[in-house]
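Undergrad: Dropping in work02.txt, which is compact mmCIF, C-alpha atoms:
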```txt
# COMPACT_ATOMS: atom_id res chain seq x y z
CA LYS A 1 -58.22 -46.64 7.59
CA GLY A 2 -55.35 -48.64 9.09
CA GLU A 3 -53.12 -47.97 6.09
CA ARG A 4 -53.80 -44.25 6.37
CA SER A 5 -52.76 -44.15 10.01
CA VAL A 6 -49.59 -46.14 9.25
CA GLY A 7 -48.84 -43.77 6.35
CA LYS A 8 -49.39 -40.71 8.51
CA ALA A 9 -47.25 -42.18 11.30
CA ALA A 10 -44.46 -42.93 8.80
CA ARG A 11 -44.63 -39.38 7.41
CA VAL A 12 -44.56 -37.84 10.89
CA ALA A 13 -41.73 -40.13 12.04
CA THR A 14 -39.72 -39.30 8.92
CA ILE A 15 -40.21 -35.55 9.36
CA VAL A 16 -39.24 -35.82 13.04
CA LEU A 17 -36.13 -37.84 12.16
CA LEU A 18 -35.00 -35.44 9.41
CA SER A 19 -35.75 -32.41 11.63
CA PHE A 20 -33.68 -33.97 14.40
CA LEU A 21 -30.81 -34.64 11.99
CA PHE A 22 -30.95 -31.04 10.80
CA ALA A 23 -30.97 -29.79 14.40
CA VAL A 24 -27.90 -31.94 15.07
CA SER A 25 -26.30 -30.42 11.96
CA ILE A 26 -26.96 -26.90 13.24
CA TYR A 27 -25.47 -27.79 16.61
CA ARG A 28 -22.40 -29.34 15.00
CA ALA A 29 -21.92 -26.38 12.66
CA ALA A 30 -21.95 -24.04 15.63
CA THR A 31 -19.78 -26.06 18.01
CA GLN A 32 -17.42 -28.22 15.96
CA SER A 33 -13.79 -27.16 15.68
CA PHE A 34 -12.61 -25.88 12.33
CA THR A 35 -10.98 -28.68 10.34
CA HIS A 36 -7.71 -28.53 8.45
CA ASP A 37 -9.44 -28.51 5.04
CA GLU A 38 -11.83 -25.76 6.10
CA ALA A 39 -8.89 -23.67 7.31
CA LEU A 40 -7.02 -24.17 4.04
CA THR A 41 -10.07 -23.04 2.07
CA TYR A 42 -10.43 -20.01 4.33
CA LEU A 43 -6.79 -19.01 3.98
CA ALA A 44 -6.54 -19.62 0.25
CA TYR A 45 -9.86 -18.19 -0.93
CA ILE A 46 -11.92 -16.42 1.72
CA ASN A 47 -9.16 -14.39 3.37
CA ALA A 48 -7.48 -13.72 0.02
CA PRO A 49 -8.27 -11.45 -2.91
CA PHE A 50 -11.49 -12.42 -4.74
CA SER A 51 -9.56 -13.09 -7.96
CA TYR A 52 -7.83 -16.06 -6.30
CA ILE A 53 -11.07 -18.01 -6.58
CA PHE A 54 -10.68 -17.99 -10.37
CA THR A 55 -6.89 -17.92 -10.75
CA VAL A 56 -5.43 -20.13 -8.01
CA ASN A 57 -6.39 -23.72 -8.62
CA ASN A 58 -6.14 -26.48 -6.05
CA PRO A 59 -8.50 -29.20 -4.82
CA ASN A 60 -9.78 -27.01 -1.97
CA ASN A 61 -11.46 -24.64 -4.39
CA HIS A 62 -15.02 -25.88 -4.73
CA LEU A 63 -16.08 -22.92 -6.87
CA LEU A 64 -19.75 -22.43 -5.98
CA ALA A 65 -19.26 -23.35 -2.32
CA THR A 66 -16.25 -21.01 -2.09
CA ILE A 67 -18.23 -18.11 -3.55
CA LEU A 68 -21.15 -18.80 -1.19
CA MET A 69 -18.78 -18.97 1.80
CA ARG A 70 -17.18 -15.72 0.76
CA LEU A 71 -20.59 -14.03 0.52
CA SER A 72 -21.59 -15.41 3.91
CA ALA A 73 -18.35 -14.15 5.47
CA ALA A 74 -18.84 -10.73 3.88
CA VAL A 75 -22.36 -10.39 5.29
CA LEU A 76 -21.94 -12.08 8.69
CA GLY A 77 -18.22 -11.80 9.33
CA ALA A 78 -15.71 -14.62 9.19
CA SER A 79 -16.46 -17.28 11.77
CA GLU A 80 -16.74 -21.05 11.75
CA PHE A 81 -20.53 -20.84 11.69
CA SER A 82 -20.78 -18.17 8.98
CA LEU A 83 -18.44 -20.14 6.72
CA ARG A 84 -20.49 -23.29 7.33
CA LEU A 85 -23.82 -21.57 6.75
CA PRO A 86 -23.97 -22.22 2.97
CA SER A 87 -23.32 -25.92 3.56
CA LEU A 88 -25.88 -25.93 6.35
CA ALA A 89 -28.50 -24.32 4.07
CA CYS A 90 -27.75 -26.93 1.44
CA GLY A 91 -28.09 -29.57 4.16
CA ALA A 92 -31.63 -28.30 4.79
CA LEU A 93 -32.28 -28.56 1.05
CA TYR A 94 -30.91 -32.11 1.10
CA PHE A 95 -33.24 -33.21 3.91
CA VAL A 96 -36.28 -31.71 2.17
CA VAL A 97 -35.32 -33.31 -1.14
CA ILE A 98 -34.73 -36.78 0.27
CA TYR A 99 -38.07 -36.61 2.09
CA ARG A 100 -39.87 -35.69 -1.14
CA LEU A 101 -37.89 -38.22 -3.20
CA CYS A 102 -38.52 -41.08 -0.77
CA LEU A 103 -42.20 -40.15 -0.53
CA LEU A 104 -42.44 -40.14 -4.32
CA LEU A 105 -40.61 -43.44 -4.80
CA PHE A 106 -41.78 -45.46 -1.79
CA GLY A 107 -45.10 -43.93 -0.78
CA GLU A 108 -46.28 -43.29 2.75
CA GLY A 109 -45.45 -46.63 4.35
CA LEU A 110 -42.59 -47.91 6.41
CA LEU A 111 -40.24 -47.74 3.40
CA LEU A 112 -40.52 -43.94 3.51
CA PHE A 113 -38.98 -43.87 6.98
CA VAL A 114 -36.37 -46.55 6.26
CA SER A 115 -35.19 -45.01 2.96
CA ALA A 116 -35.05 -41.48 4.41
CA ALA A 117 -33.15 -42.79 7.44
CA LEU A 118 -30.64 -44.56 5.21
CA LEU A 119 -30.12 -41.46 3.08
CA GLY A 120 -30.12 -38.97 5.94
CA ALA A 121 -28.48 -40.62 8.93
CA ASN A 122 -25.21 -41.65 7.30
CA PRO A 123 -22.54 -40.27 9.68
CA PHE A 124 -20.10 -39.50 6.87
CA LEU A 125 -22.72 -37.52 5.01
CA LEU A 126 -23.71 -35.67 8.18
CA ASP A 127 -20.06 -34.64 8.59
CA PHE A 128 -19.94 -33.16 5.12
CA LEU A 129 -23.33 -31.44 5.34
CA VAL A 130 -21.90 -29.04 7.92
CA ALA A 131 -18.31 -28.66 6.73
CA ALA A 132 -17.29 -25.41 5.07
CA ARG A 133 -16.47 -27.33 1.90
CA GLY A 134 -18.29 -28.21 -1.29
CA TYR A 135 -19.33 -31.77 -0.53
CA GLY A 136 -22.63 -30.99 1.21
CA PRO A 137 -23.85 -28.55 -1.44
CA ALA A 138 -22.78 -30.95 -4.18
CA VAL A 139 -24.80 -33.83 -2.72
CA ALA A 140 -27.82 -31.58 -2.05
CA PHE A 141 -27.89 -30.23 -5.60
CA PHE A 142 -27.29 -33.68 -7.06
CA PHE A 143 -30.26 -35.14 -5.20
CA ALA A 144 -32.41 -32.13 -6.13
CA ALA A 145 -31.58 -32.85 -9.78
CA LEU A 146 -32.34 -36.53 -9.28
CA TYR A 147 -35.71 -35.63 -7.77
CA CYS A 148 -36.54 -33.42 -10.78
CA LEU A 149 -35.55 -36.20 -13.18
CA VAL A 150 -37.68 -38.79 -11.34
CA LEU A 151 -40.62 -36.37 -11.48
CA TYR A 152 -40.01 -35.81 -15.19
CA VAL A 153 -39.91 -39.52 -15.99
CA GLY A 154 -43.10 -40.12 -14.01
CA LYS A 155 -45.14 -37.54 -15.93
CA ARG A 156 -47.09 -38.47 -19.03
CA ARG A 157 -46.32 -35.19 -20.77
CA TYR A 158 -43.12 -33.28 -21.35
CA ASP A 159 -42.40 -30.71 -18.67
CA TYR A 160 -39.19 -29.06 -19.72
CA LYS A 161 -39.09 -26.91 -16.58
CA LEU A 162 -38.18 -30.06 -14.67
CA LEU A 163 -35.35 -30.76 -17.11
CA TYR A 164 -34.07 -27.19 -16.75
CA LEU A 165 -34.17 -27.50 -12.97
CA ALA A 166 -32.37 -30.84 -13.16
CA ALA A 167 -29.73 -29.34 -15.45
CA ALA A 168 -29.23 -26.43 -13.05
CA GLY A 169 -29.00 -28.83 -10.10
CA LEU A 170 -26.41 -30.97 -11.84
CA SER A 171 -24.44 -27.86 -12.83
CA PHE A 172 -24.52 -26.56 -9.27
CA ALA A 173 -23.46 -29.98 -7.99
CA VAL A 174 -20.42 -30.02 -10.26
CA MET A 175 -19.59 -26.39 -9.46
CA SER A 176 -19.79 -27.23 -5.77
CA ASN A 177 -17.48 -30.20 -6.08
CA MET A 178 -15.87 -31.60 -9.20
CA THR A 179 -16.07 -35.17 -7.86
CA LEU A 180 -19.67 -35.20 -9.05
CA PHE A 181 -18.68 -34.50 -12.65
CA PHE A 182 -18.94 -38.11 -13.83
CA PRO A 183 -22.13 -39.02 -11.94
CA ALA A 184 -23.75 -35.79 -13.22
```
Go through the file and emit its structure as structure tokens.

TA:
Amino acid sequence: KGERSVGKAARVATIVLLSFLFAVSIYRAATQSFTHDEALTYLAYINAPFSYIFTVNNPNNHLLATILMRLSAAVLGASEFSLRLPSLACGALYFVVIYRLCLLLFGEGLLLFVSAALLGANPFLLDFLVAARGYGPAVAFFFAALYCLVLYVGKRRYDYKLLYLAAAGLSFAVMSNMTLFFPA
């Protein structure tokens, strides 16, 4: 019974920590000043003709993230928060995925909390999970693919749906930011 209570406490503490980190991300997305890179992306691709996304090539064009930002701006209007909303949504995905991945790999003990804290509380990562750029979505999709692959390897039978989901996650990661091309 003692192990169960420790496991439950670790799960609750991990969920509280990741929820807090996501709440901080929401606050930062709403209040943080627009950065130089975010402004360049806005000027070059969001406030420009749609065709520029596919014809004008520079490092600020993180294709999937740019398209998602453009859709968000079209629906909600162009503001710092609306442009950051796709990254913020992917940040929520990231926190859910790392919780599930850490639970799968480390079980319900103290290692669940420690591993999720190490993956979620990195200040550099938290910066990119709210920026109107492609880094947050890329990391979220990469870890979602990793989770699917770990699930696939752990099963005794072939479940190709997991491989398809992993392939889609890796594709989305690369489309969000080309720096994940080689890891993917």

Undergrad: I'd like to know which of A:Arg28, A:Lys8, A:Arg84, A:Arg100 is closest to A:Phe143, using all atoms listed in the file.

TA: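 Ranked by minimum distance to A:Phe143, first place goes to A:Arg100.
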
Undergrad: Name the residues in contact with A:Phe181 at a cut-off of 10 Å, using all atoms listed in the file, excluding same-chain residues fewer than 4 positions from it; report them as JSON, numbers by chain.

TA: {"A": [170, 171, 173, 174, 175, 177]}

Undergrad: Looking at A:Ser176, A:Thr66, A:Asn58, A:Asn122, which one is nearest to A:Leu83, with distances taken over all atoms listed in the file?

TA: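 Of the candidates, the smallest distance to A:Leu83 is held by A:Thr66.
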
Undergrad: Take the point (-7.8, -13.9, -5.3) in the file's coordinates, draw a sphere of radius 12 Å around it, and report as a VMD selection string every protein, DNA or RNA residue with an atom inside or on it, counting only C-alpha atoms.

TA: chain A and resid 41 to 57 61 66 to 67 70

Undergrad: Taking 5 positions as the minimum chain separation for residues in the same chain, which residues sit within 9 Å of A:Leu88 when counting only C-alpha atoms? Answer as a PyMOL selection string.

TA: chain A and resi 22+25-26+29+93+129-132+136-137

Undergrad: Let's have the selection written as a PDB file, in the coordinates of the input, with C-alpha atoms.

TA:
```
ATOM      1  CA  PHE A  22     -30.950 -31.040  10.800  1.00  0.00           C
ATOM      2  CA  SER A  25     -26.300 -30.420  11.960  1.00  0.00           C
ATOM      3  CA  ILE A  26     -26.960 -26.900  13.240  1.00  0.00           C
ATOM      4  CA  ALA A  29     -21.920 -26.380  12.660  1.00  0.00           C
ATOM      5  CA  LEU A  93     -32.280 -28.560   1.050  1.00  0.00           C
ATOM      6  CA  LEU A 129     -23.330 -31.440   5.340  1.00  0.00           C
ATOM      7  CA  VAL A 130     -21.900 -29.040   7.920  1.00  0.00           C
ATOM      8  CA  ALA A 131     -18.310 -28.660   6.730  1.00  0.00           C
ATOM      9  CA  ALA A 132     -17.290 -25.410   5.070  1.00  0.00           C
ATOM     10  CA  GLY A 136     -22.630 -30.990   1.210  1.00  0.00           C
ATOM     11  CA  PRO A 137     -23.850 -28.550  -1.440  1.00  0.00           C
TER      12      PRO A 137
END
```

Undergrad: Set the distance at 7 Å and use only C-alpha atoms: which residues neighbour stretch 9-16 of chain A once local chain neighbours fewer than 2 positions away are removed? I'd like the list as a list in words.

TA: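 Neighbouring residues, sequence-local ones excluded: Ser5, Val6, Gly7, Leu18, Ser19, Phe20, Glu108, Gly109, Leu110, Leu112, Phe113 and Ala116 of chain A.
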
Undergrad: Could you work out how far atom CA of A:Ser82 lies from atom CA of A:Leu146, giving the answer in Å with one decimal?

TA: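 It comes out at 28.4 Å.
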
Undergrad: One number please: atom CA of A:Ala74 to atom CA of A:Phe124, in Å, one decimal.

TA: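 A separation of 29.0 Å between them.
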
Undergrad: Which residues of stretch 19-133 of chain A come within 12 Å of stretch 155-169 of chain A, and what is each one's closest atom pair and distance in Å (one decimal), counting all atoms listed in the file, sorted by chain and residue number, as a Markdown table?

TA:
```
| residue | atom | partner | partner_atom | distance |
| --- | --- | --- | --- | --- |
| A:Leu64 | CA | A:Gly169 | CA | 12.0 |
| A:Cys90 | CA | A:Gly169 | CA | 11.8 |
| A:Leu93 | CA | A:Gly169 | CA | 11.6 |
| A:Tyr94 | CA | A:Gly169 | CA | 11.8 |
| A:Val97 | CA | A:Gly169 | CA | 11.8 |
```

Undergrad: Atom CA of A:Arg133 and atom CA of A:Asp37, how far apart in Å?

TA: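 That distance, rounded to one decimal, is 7.8 Å.
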
Undergrad: List the spatial neighbours of A:Ala65 as a list of chain:residue names - criterion: any atom at most 6 Å away, only C-alpha atoms, same-chain residues fewer than 3 positions off excluded.

TA: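 Everything that qualifies: A:His62, A:Leu68, A:Gly134, A:Ser176.
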
Undergrad: Go through A:Ala73, A:Val114, A:Leu40, A:Val24 and flag the residue nearest A:Pro59, using all atoms listed in the file for the distances.

TA: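 Of A:Ala73, A:Val114, A:Leu40, A:Val24, the one nearest A:Pro59, counting all atoms listed in the file, is A:Leu40.
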
Undergrad: Env of A:Leu21: 8 Å cut, atoms = only C-alpha atoms, seq-sep filter 4 positions within chain, self excluded. Answer as a VMD selection string.

TA: chain A and resid 17 25 120 to 121
